[in-house]
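A.B. asks: What follows is entry_37.txt, compact mmCIF, C-alpha atoms and all ligand atoms.
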```
# COMPACT_ATOMS: atom_id res chain seq x y z
CA MET A 1 0.00 0.00 0.00
CA ASP A 2 1.32 3.48 -0.91
CA LYS A 3 1.37 5.96 1.96
CA TYR A 4 0.92 9.73 1.69
CA PHE A 5 1.12 12.32 4.46
CA VAL A 6 0.42 15.87 5.47
CA ILE A 7 3.12 17.28 7.73
CA GLY A 8 2.64 20.35 9.91
CA CYS A 9 2.85 21.60 13.46
CA PRO A 10 0.08 21.44 14.56
CA VAL A 11 -1.60 19.13 12.06
CA GLY A 12 -4.60 17.82 14.00
CA HIS A 13 -7.03 20.25 12.33
CA SER A 14 -6.14 19.16 8.78
CA VAL A 15 -8.94 17.68 6.67
CA SER A 16 -6.51 16.56 3.95
CA PRO A 17 -6.83 12.86 4.99
CA GLN A 18 -10.58 13.09 4.35
CA ILE A 19 -10.04 14.59 0.87
CA HIS A 20 -7.31 12.17 -0.25
CA ASN A 21 -8.75 9.00 1.28
CA THR A 22 -12.07 9.73 -0.46
CA ILE A 23 -10.17 10.07 -3.76
CA PHE A 24 -8.22 6.83 -3.19
CA LYS A 25 -11.40 4.97 -2.27
CA HIS A 26 -13.24 6.32 -5.32
CA TYR A 27 -10.54 5.02 -7.67
CA ASN A 28 -9.86 1.80 -5.68
CA ALA A 29 -6.26 2.96 -5.33
CA HIS A 30 -4.05 0.88 -3.06
CA ALA A 31 -3.08 3.96 -1.04
CA LYS A 32 -3.77 5.65 2.29
CA TYR A 33 -3.18 9.18 3.57
CA PHE A 34 -2.10 10.09 7.12
CA LYS A 35 -1.41 13.18 9.25
CA LYS A 36 2.05 13.49 10.76
CA ARG A 37 3.06 16.13 13.27
CA VAL A 38 6.61 17.21 12.45
CA GLU A 39 8.39 19.76 14.62
CA PRO A 40 10.28 22.52 12.73
CA ARG A 41 13.65 21.05 13.75
CA ASP A 42 12.66 17.65 12.27
CA VAL A 43 11.66 18.74 8.74
CA GLU A 44 15.04 17.94 7.19
CA ALA A 45 15.10 14.48 8.83
CA PHE A 46 11.55 13.82 7.60
CA VAL A 47 12.53 14.67 4.00
CA GLU A 48 15.69 12.53 4.20
CA GLU A 49 13.64 9.58 5.44
CA PHE A 50 11.06 10.20 2.69
CA LYS A 51 13.82 10.08 0.06
CA ASN A 52 14.78 6.61 1.25
CA ASN A 53 11.45 4.99 2.07
CA ASP A 54 8.65 3.68 -0.16
CA CYS A 55 6.40 6.78 0.10
CA TYR A 56 5.83 8.93 -2.99
CA GLY A 57 4.19 12.13 -1.82
CA PHE A 58 3.29 14.44 1.02
CA ASN A 59 1.57 17.73 1.67
CA VAL A 60 3.06 20.50 3.75
CA THR A 61 1.12 22.85 5.97
CA VAL A 62 1.95 25.68 8.38
CA PRO A 63 4.70 26.36 9.44
CA HIS A 64 6.82 24.21 7.07
CA LYS A 65 5.88 25.49 3.60
CA LYS A 66 9.11 27.48 3.31
CA THR A 67 11.31 25.39 5.62
CA VAL A 68 10.94 22.30 3.43
CA MET A 69 12.20 23.99 0.25
CA PRO A 70 16.01 23.69 0.64
CA PHE A 71 15.76 19.93 1.21
CA LEU A 72 14.07 19.13 -2.13
CA ASP A 73 15.79 18.28 -5.43
CA GLY A 74 13.63 20.68 -7.45
CA ILE A 75 10.90 23.29 -7.03
CA SER A 76 8.34 24.44 -9.60
CA SER A 77 8.84 28.00 -10.82
CA GLU A 78 5.43 28.97 -9.35
CA ALA A 79 6.30 27.62 -5.89
CA ARG A 80 9.66 29.35 -6.07
CA GLU A 81 8.01 32.67 -6.93
CA VAL A 82 5.56 32.49 -4.02
CA ASN A 83 8.28 31.03 -1.80
CA ALA A 84 6.09 28.22 -0.46
CA VAL A 85 5.68 24.51 -1.19
CA ASN A 86 2.55 22.63 -0.13
CA THR A 87 2.95 19.44 -2.19
CA VAL A 88 5.99 17.21 -2.61
CA VAL A 89 6.29 14.29 -5.02
CA LYS A 90 9.02 11.67 -5.30
CA LYS A 91 9.40 10.49 -8.90
CA ARG A 92 9.10 6.73 -9.12
CA ASP A 93 11.77 6.43 -11.85
CA SER A 94 14.51 8.75 -10.54
CA GLY A 95 13.68 9.01 -6.84
CA LEU A 96 14.07 12.81 -7.14
CA THR A 97 11.84 15.03 -5.01
CA PHE A 98 9.95 18.05 -6.41
CA GLY A 99 7.92 20.72 -4.65
CA TYR A 100 4.79 22.45 -5.94
CA ASN A 101 2.31 25.02 -4.68
CA THR A 102 -1.22 23.83 -5.52
CA ASP A 103 -2.93 26.79 -3.77
CA ILE A 104 -2.16 28.82 -6.92
CA LYS A 105 -4.09 26.60 -9.32
CA GLY A 106 -6.56 25.72 -6.55
CA PHE A 107 -7.75 29.31 -6.34
CA ALA A 108 -7.84 29.70 -10.14
CA LEU A 109 -9.93 26.54 -10.48
CA GLN A 110 -12.33 27.64 -7.75
CA ALA A 111 -12.83 31.00 -9.52
CA LYS A 112 -13.31 29.33 -12.91
CA ARG A 113 -15.79 26.74 -11.66
CA ALA A 114 -17.67 29.50 -9.79
CA GLY A 115 -18.10 31.23 -13.16
CA CYS A 116 -15.80 34.10 -12.20
CA SER A 117 -13.38 35.14 -14.92
CA LEU A 118 -10.12 36.60 -13.64
CA LYS A 119 -9.02 37.51 -17.16
CA GLY A 120 -9.18 41.28 -17.54
CA ALA A 121 -10.56 41.65 -14.01
CA HIS A 122 -9.71 44.46 -11.61
CA VAL A 123 -9.03 42.60 -8.37
CA LYS A 124 -8.82 43.77 -4.77
CA LEU A 125 -7.06 41.45 -2.34
CA ILE A 126 -7.13 41.87 1.44
CA GLY A 127 -4.16 40.26 3.18
CA ALA A 128 -0.50 39.74 2.40
CA GLY A 129 0.36 36.45 4.13
CA GLY A 130 1.26 33.12 2.53
CA ALA A 131 -2.20 32.41 1.08
CA ALA A 132 -2.50 35.97 -0.28
CA ARG A 133 0.83 35.54 -2.05
CA ALA A 134 -0.38 32.40 -3.85
CA ILE A 135 -3.66 34.12 -4.78
CA ALA A 136 -1.89 37.26 -6.05
CA TYR A 137 0.28 35.07 -8.26
CA SER A 138 -2.79 33.13 -9.44
CA VAL A 139 -4.68 36.34 -10.26
CA TYR A 140 -1.70 37.59 -12.29
CA ARG A 141 -1.27 34.29 -14.18
CA GLU A 142 -5.00 34.16 -15.00
CA GLY A 143 -4.65 37.51 -16.78
CA ALA A 144 -6.18 40.04 -14.37
CA ALA A 145 -5.98 43.69 -15.48
CA SER A 146 -4.87 45.06 -12.09
CA LEU A 147 -4.40 44.13 -8.46
CA THR A 148 -4.79 46.28 -5.36
CA VAL A 149 -3.51 44.72 -2.14
CA TYR A 150 -4.69 45.93 1.27
CA ASN A 151 -3.00 44.81 4.47
CA ARG A 152 -2.74 45.83 8.13
CA THR A 153 1.06 45.84 7.85
CA VAL A 154 1.81 47.66 4.60
CA GLU A 155 5.45 46.51 4.77
CA ASN A 156 4.28 42.90 4.19
CA ILE A 157 2.64 43.84 0.87
CA LYS A 158 6.08 44.64 -0.54
CA ILE A 159 6.81 40.91 -0.81
CA ILE A 160 3.82 40.55 -3.15
CA THR A 161 4.55 43.66 -5.22
CA HIS A 162 8.20 42.66 -5.56
CA MET A 163 7.23 39.12 -6.64
CA LEU A 164 4.70 40.31 -9.22
CA ARG A 165 6.95 43.02 -10.65
CA HIS A 166 9.65 40.40 -11.02
CA VAL A 167 7.46 37.84 -12.86
CA ALA A 168 5.81 40.52 -15.00
CA TYR A 169 9.26 41.86 -15.95
CA ASP A 170 10.35 38.33 -16.92
CA ASP A 171 7.16 37.95 -18.97
CA GLY A 172 7.77 41.32 -20.63
CA VAL A 173 4.42 42.76 -19.51
CA LYS A 174 3.26 45.59 -17.29
CA PHE A 175 0.99 44.58 -14.42
CA PRO A 176 -0.34 47.35 -12.18
CA VAL A 177 -0.10 46.43 -8.48
CA THR A 178 -1.08 48.98 -5.84
CA MET A 179 -0.29 48.76 -2.11
CA MET A 180 -2.81 50.19 0.36
CA SER A 181 -3.26 50.14 4.11
CA LEU A 182 -6.43 48.52 5.50
CA ASP A 183 -7.61 51.94 6.72
CA GLU A 184 -7.82 53.09 3.10
CA PHE A 185 -10.00 50.15 2.05
CA ASP A 186 -12.84 50.91 -0.30
CA ALA A 187 -14.91 48.05 -1.71
CA GLY A 188 -15.84 49.89 -4.92
CA ASP A 189 -14.34 49.78 -8.40
CA CYS A 190 -13.42 46.10 -8.61
CA ASP A 191 -14.69 43.00 -10.37
CA VAL A 192 -13.34 40.56 -7.79
CA LEU A 193 -12.81 41.10 -4.04
CA ILE A 194 -10.94 38.52 -1.96
CA ASN A 195 -10.37 38.26 1.79
CA ALA A 196 -7.15 36.29 2.35
CA THR A 197 -6.54 37.42 5.94
CA SER A 198 -7.20 35.16 8.91
CA VAL A 199 -9.74 37.65 10.33
CA GLY A 200 -13.01 35.75 10.87
CA LEU A 201 -11.25 32.39 11.06
CA GLY A 202 -12.55 29.86 13.56
CA ILE A 203 -15.85 29.27 15.29
CA GLY A 204 -16.56 32.20 17.61
CA HIS A 205 -14.64 34.66 15.40
CA GLU A 206 -17.09 34.82 12.49
CA GLU A 207 -18.30 38.31 13.44
CA GLU A 208 -14.81 39.80 13.05
CA MET A 209 -14.35 41.81 9.85
CA PRO A 210 -11.00 42.46 8.12
CA VAL A 211 -12.33 45.83 6.88
CA LYS A 212 -14.67 48.48 8.31
CA SER A 213 -17.39 48.02 5.71
CA LEU A 214 -18.27 46.80 2.23
CA GLU A 215 -19.86 50.15 1.41
CA GLY A 216 -19.62 50.91 -2.31
CA LEU A 217 -19.39 47.26 -3.44
CA LYS A 218 -20.70 47.00 -7.01
CA PRO A 219 -23.57 44.52 -7.42
CA ASP A 220 -21.62 42.44 -9.96
CA THR A 221 -18.39 42.16 -7.93
CA VAL A 222 -17.66 38.50 -7.13
CA VAL A 223 -16.54 38.11 -3.51
CA PHE A 224 -14.34 35.37 -2.04
CA ASP A 225 -13.35 34.71 1.55
CA ILE A 226 -10.79 31.91 1.58
CA ILE A 227 -11.77 30.97 5.14
CA TYR A 228 -13.86 27.76 5.15
CA GLU A 229 -14.48 27.34 8.87
CA PRO A 230 -16.88 28.97 9.69
CA SER A 231 -18.57 28.45 6.35
CA GLU A 232 -19.97 32.00 6.40
CA THR A 233 -17.91 34.83 7.85
CA ARG A 234 -19.45 38.24 8.42
CA PHE A 235 -17.48 39.42 5.37
CA LEU A 236 -19.33 36.85 3.21
CA ARG A 237 -22.67 37.43 4.89
CA GLU A 238 -22.53 41.19 4.30
CA ALA A 239 -21.61 40.61 0.64
CA ARG A 240 -24.53 38.17 0.23
CA GLN A 241 -26.91 40.56 1.99
CA ARG A 242 -26.00 43.11 -0.68
CA GLY A 243 -26.96 40.55 -3.30
CA ASN A 244 -23.38 39.76 -4.45
CA ALA A 245 -22.15 36.32 -5.47
CA ALA A 246 -19.92 35.29 -2.54
CA HIS A 247 -17.89 32.10 -2.03
CA ASN A 248 -16.06 30.69 0.96
CA GLY A 249 -12.69 28.88 0.84
CA LEU A 250 -13.95 25.31 0.83
CA ASP A 251 -13.58 24.85 -2.90
CA MET A 252 -10.05 26.30 -2.90
CA LEU A 253 -9.18 23.77 -0.19
CA ILE A 254 -10.69 20.90 -2.18
CA TYR A 255 -9.13 21.97 -5.49
CA GLN A 256 -5.62 22.38 -4.05
CA GLY A 257 -6.08 18.83 -2.72
CA VAL A 258 -7.32 17.20 -5.94
CA ILE A 259 -4.55 18.96 -7.90
CA ALA A 260 -1.96 17.59 -5.42
CA ASN A 261 -3.44 14.11 -5.75
CA ASP A 262 -3.19 14.33 -9.54
CA ILE A 263 0.48 15.34 -9.26
CA TRP A 264 1.14 12.16 -7.23
CA CYS A 265 -1.18 9.63 -8.81
CA GLY A 266 -2.61 11.09 -12.05
CA LEU A 267 -6.07 9.66 -11.31
CA GLY A 268 -7.85 12.67 -12.84
CA ALA A 269 -9.54 13.80 -9.61
CA ALA A 270 -9.36 17.52 -10.53
CA ASP A 271 -11.63 16.88 -13.53
CA ASN A 272 -14.03 14.58 -11.73
CA ILE A 273 -16.90 16.92 -10.85
CA GLU A 274 -18.96 14.11 -9.29
CA LEU A 275 -16.11 13.18 -6.94
CA ILE A 276 -15.47 16.84 -6.07
CA ASP A 277 -19.18 17.21 -5.19
CA LYS A 278 -18.91 14.14 -2.97
CA ILE A 279 -15.86 15.54 -1.14
CA ARG A 280 -17.63 18.91 -0.71
CA LYS A 281 -20.70 17.18 0.78
CA GLU A 282 -18.55 15.11 3.17
CA LEU A 283 -16.63 18.14 4.44
CA THR A 284 -19.76 20.29 4.73
CA ALA A 285 -21.45 17.54 6.80
CA LYS A 286 -18.34 17.31 9.02
CA TRP A 287 -18.63 21.02 9.94
CA GLN A 288 -22.39 21.12 10.45
P1 LIG B 301 -0.61 34.24 7.36
O1 LIG B 301 0.52 34.02 6.46
O2 LIG B 301 -0.40 34.16 8.84
O3 LIG B 301 -1.26 35.69 7.00
C1 LIG B 301 -2.28 36.23 7.80
C2 LIG B 301 -2.84 37.49 7.15
O4 LIG B 301 -3.95 37.95 7.94
C3 LIG B 301 -1.86 38.66 7.06
O5 LIG B 301 -2.14 39.44 5.94
C4 LIG B 301 -2.17 39.41 8.37
O6 LIG B 301 -1.82 40.78 8.31
C5 LIG B 301 -3.66 39.30 8.38
N1 LIG B 301 -4.21 39.48 9.74
C6 LIG B 301 -4.11 38.62 10.78
N2 LIG B 301 -4.73 39.13 11.85
C7 LIG B 301 -5.23 40.34 11.48
C8 LIG B 301 -5.98 41.35 12.14
N3 LIG B 301 -6.37 41.21 13.43
N4 LIG B 301 -6.35 42.44 11.45
C9 LIG B 301 -5.99 42.59 10.14
N5 LIG B 301 -5.27 41.67 9.45
C10 LIG B 301 -4.89 40.56 10.11
O7 LIG B 301 -1.79 33.20 7.07
P2 LIG B 301 -2.15 32.49 5.67
O8 LIG B 301 -1.48 31.18 5.62
O9 LIG B 301 -1.93 33.47 4.57
O10 LIG B 301 -3.72 32.20 5.88
C11 LIG B 301 -4.66 33.26 5.84
C12 LIG B 301 -6.08 32.70 5.88
O11 LIG B 301 -6.31 31.90 4.72
C13 LIG B 301 -6.33 31.76 7.06
O12 LIG B 301 -7.63 32.04 7.51
C14 LIG B 301 -6.26 30.37 6.45
O13 LIG B 301 -7.09 29.43 7.14
C15 LIG B 301 -6.83 30.63 5.06
N6 LIG B 301 -6.36 29.68 4.03
C16 LIG B 301 -7.30 29.04 3.29
C17 LIG B 301 -6.89 28.17 2.29
C18 LIG B 301 -7.93 27.43 1.49
O14 LIG B 301 -7.55 26.48 0.79
N7 LIG B 301 -9.17 27.83 1.50
C19 LIG B 301 -5.52 27.97 2.03
C20 LIG B 301 -4.58 28.66 2.81
C21 LIG B 301 -5.03 29.53 3.82
P3 LIG B 301 -0.36 41.30 8.78
O15 LIG B 301 0.56 41.10 7.60
O16 LIG B 301 -0.57 42.70 9.14
O17 LIG B 301 0.05 40.45 9.97
```
Would you mind writing the file's structure down as structure tokens?
C.D. replies:
Amino acid sequence: MDKYFVIGCPVGHSVSPQIHNTIFKHYNAHAKYFKKRVEPRDVEAFVEEFKNNDCYGFNVTVPHKKTVMPFLDGISSEAREVNAVNTVVKKRDSGLTFGYNTDIKGFALQAKRAGCSLKGAHVKLIGAGGAARAIAYSVYREGAASLTVYNRTVENIKIITHMLRHVAYDDGVKFPVTMMSLDEFDAGDCDVLINATSVGLGIGHEEEMPVKSLEGLKPDTVVFDIIYEPSETRFLREARQRGNAAHNGLDMLIYQGVIANDIWCGLGAADNIELIDKIRKELTAKWQ
């Protein structure tokens, strides 16, 4: 039986086993997925052991997404740009290890399947942490027209602006990125609005808002909050009350998982809408 893991510290909250074991069961794959708590000082030892055992893939969660990078044989250009790896594969032929960041395509796939086109869109992003970095990169790659990033600590936005200016320069294009403090937030004048902060995360915190208000939000702006627990933050509720299409982060979570599984096993889970619906139902039931 092939074994796959998610490593993190802590890792108890992770629902990745549920996503991947449902995929393995659906395809009758001889594989099982486990959680493994790995302390920061033990990441290198974990990767060394992985290189020499009969496992072929693992996911990486907080706080190891950056720590794991120097120990791998190769890293995708996307993961290198956002400076975070959440999926590692060991090639069966060469034994070489490669790191990917599936949050990037996970967000793009969620937007696409929600009927939200990022191409040509003016996007406002709240937050400048690890998830925001992957989303900013995703938004750029999907062909957005502009990006405005709001964050409590303006200094942290510089990592995103620097990254995007660098990739846009390499691509020979101009991509307007604007940095703003949270106090200057204004929900108007955008096609897509995304909350990628951790404000509102966790049961009991759903009434916390990352911004003062959604005043000025256009009726056709598509709103995302990448938090999935609780399933409806105040940010999402206020957007819905205004009549806007508004999506939580559950689909991004599922899509980053099915994309990771396809990198390891190539079962085609990312294109299996029926299976994705099944995973969504299972996870929704778990949190009800
Ligand atoms: P992170 O790197 O720690 O970044 C946290 C972000 O939230 C930063 O921008 C931080 O601003 C901001 N923030 C935190 N507390 C704040 C407050 N009280 N007021 C204003 N801003 C505040 O975390 P992350 O990994 O990017 O994760 C962010 C959120 O995304 C979490 O809720 C996580 O669960 C969710 N997430 C979802 C998925 C998914 O698949 N759906 C994937 C990854 C993450 P400063 O820079 O000022 O500190």
A.B. asks: A:Arg113, A:His26, A:Arg240, A:Arg152: which is nearest ligand LIG 301 (chain B), counting all atoms listed in the file?
C.D. replies: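 Under the stated criterion, the closest residue is A:Arg152.
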A.B. asks: From the list A:Leu147, A:Asn156, A:Ile23, A:Asp73, which residue is nearest Asp271 (chain A) when using only C-alpha atoms?
C.D. replies: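 Looking only at the distances to Asp271 (chain A), the closest residue turns out to be A:Ile23.
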A.B. asks: Show me, as a PyMOL selection string, the residues that have an atom within 7 Å of region 80-91 of chain A when counting all atoms listed in the file, minus same-chain residues fewer than 2 positions from it.
C.D. replies: chain A and resi 56-61+65-66+69+75-78+93-102+133-134+163+260+264
A.B. asks: Taking all atoms of ligand LIG 301 (chain B) that appear in the file, build a box with edges along x, y and z, extend it by 4 Å on every side, and state its centre and edge lengths in Å to one decimal, as JSON.
C.D. replies:
```
{"center_x": -4.3, "center_y": 34.6, "center_z": 7.1, "size_x": 17.7, "size_y": 24.2, "size_z": 20.6}
```
A.B. asks: If you count all atoms listed in the file, which residues end up within 7 Å of ligand LIG 301 (chain B), as a ChimeraX atom specification?
C.D. replies: /A:103,127-132,151-153,156,196-199,201,210,226-228,249-253,256
A.B. asks: Atoms to include: C-alpha atoms. Write the selected residues as a tab-separated table (two decimals), keeping the file's coordinate frame.
C.D. replies:
```tsv
chain	number	residue	atom	x	y	z
A	103	ASP	CA	-2.93	26.79	-3.77
A	127	GLY	CA	-4.16	40.26	3.18
A	128	ALA	CA	-0.50	39.74	2.40
A	129	GLY	CA	0.36	36.45	4.13
A	130	GLY	CA	1.26	33.12	2.53
A	131	ALA	CA	-2.20	32.41	1.08
A	132	ALA	CA	-2.50	35.97	-0.28
A	151	ASN	CA	-3.00	44.81	4.47
A	152	ARG	CA	-2.74	45.83	8.13
A	153	THR	CA	1.06	45.84	7.85
A	156	ASN	CA	4.28	42.90	4.19
A	196	ALA	CA	-7.15	36.29	2.35
A	197	THR	CA	-6.54	37.42	5.94
A	198	SER	CA	-7.20	35.16	8.91
A	199	VAL	CA	-9.74	37.65	10.33
A	201	LEU	CA	-11.25	32.39	11.06
A	210	PRO	CA	-11.00	42.46	8.12
A	226	ILE	CA	-10.79	31.91	1.58
A	227	ILE	CA	-11.77	30.97	5.14
A	228	TYR	CA	-13.86	27.76	5.15
A	249	GLY	CA	-12.69	28.88	0.84
A	250	LEU	CA	-13.95	25.31	0.83
A	251	ASP	CA	-13.58	24.85	-2.90
A	252	MET	CA	-10.05	26.30	-2.90
A	253	LEU	CA	-9.18	23.77	-0.19
A	256	GLN	CA	-5.62	22.38	-4.05
```
A.B. asks: In Å, with one decimal, what is the gap from CA of Ser181 (chain A) to CA of His166 (chain A)?
C.D. replies: 22.1 Å
A.B. asks: I'd like to know which of A:Ala187, A:Val11, A:Ala114, A:Leu283 is closest to Ala246 (chain A), using only C-alpha atoms.
C.D. replies: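 Closest to Ala246 (chain A), using only C-alpha atoms: A:Ala114.
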A.B. asks: Taking all atoms listed in the file into account, which of A:Glu206, A:Phe71, A:Ser146, A:Asn28 comes nearest Glu49 (chain A)?
C.D. replies: A:Phe71
A.B. asks: Between CA of Phe34 (chain A) and CA of His205 (chain A), what is the spacing in Å?
C.D. replies: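 Between these atoms lies a distance of 28.8 Å.
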A.B. asks: Just give me the gap between CA of Gly120 (chain A) and CA of Val139 (chain A) in Å, one decimal is fine.
C.D. replies: 9.9 Å
A.B. asks: Counting all atoms listed in the file, which of A:Ile263, A:Ala108, A:Ala79, A:Leu214 gets nearest to Leu193 (chain A)?
C.D. replies: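 Among the listed residues, A:Leu214 lies closest to Leu193 (chain A).
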A.B. asks: Closest to Asp191 (chain A) among A:Ser117, A:Gln241, A:Asn248, A:Asn53, using only C-alpha atoms?
C.D. replies: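 Comparing A:Ser117, A:Gln241, A:Asn248, A:Asn53 against Asp191 (chain A), the winner is A:Ser117.
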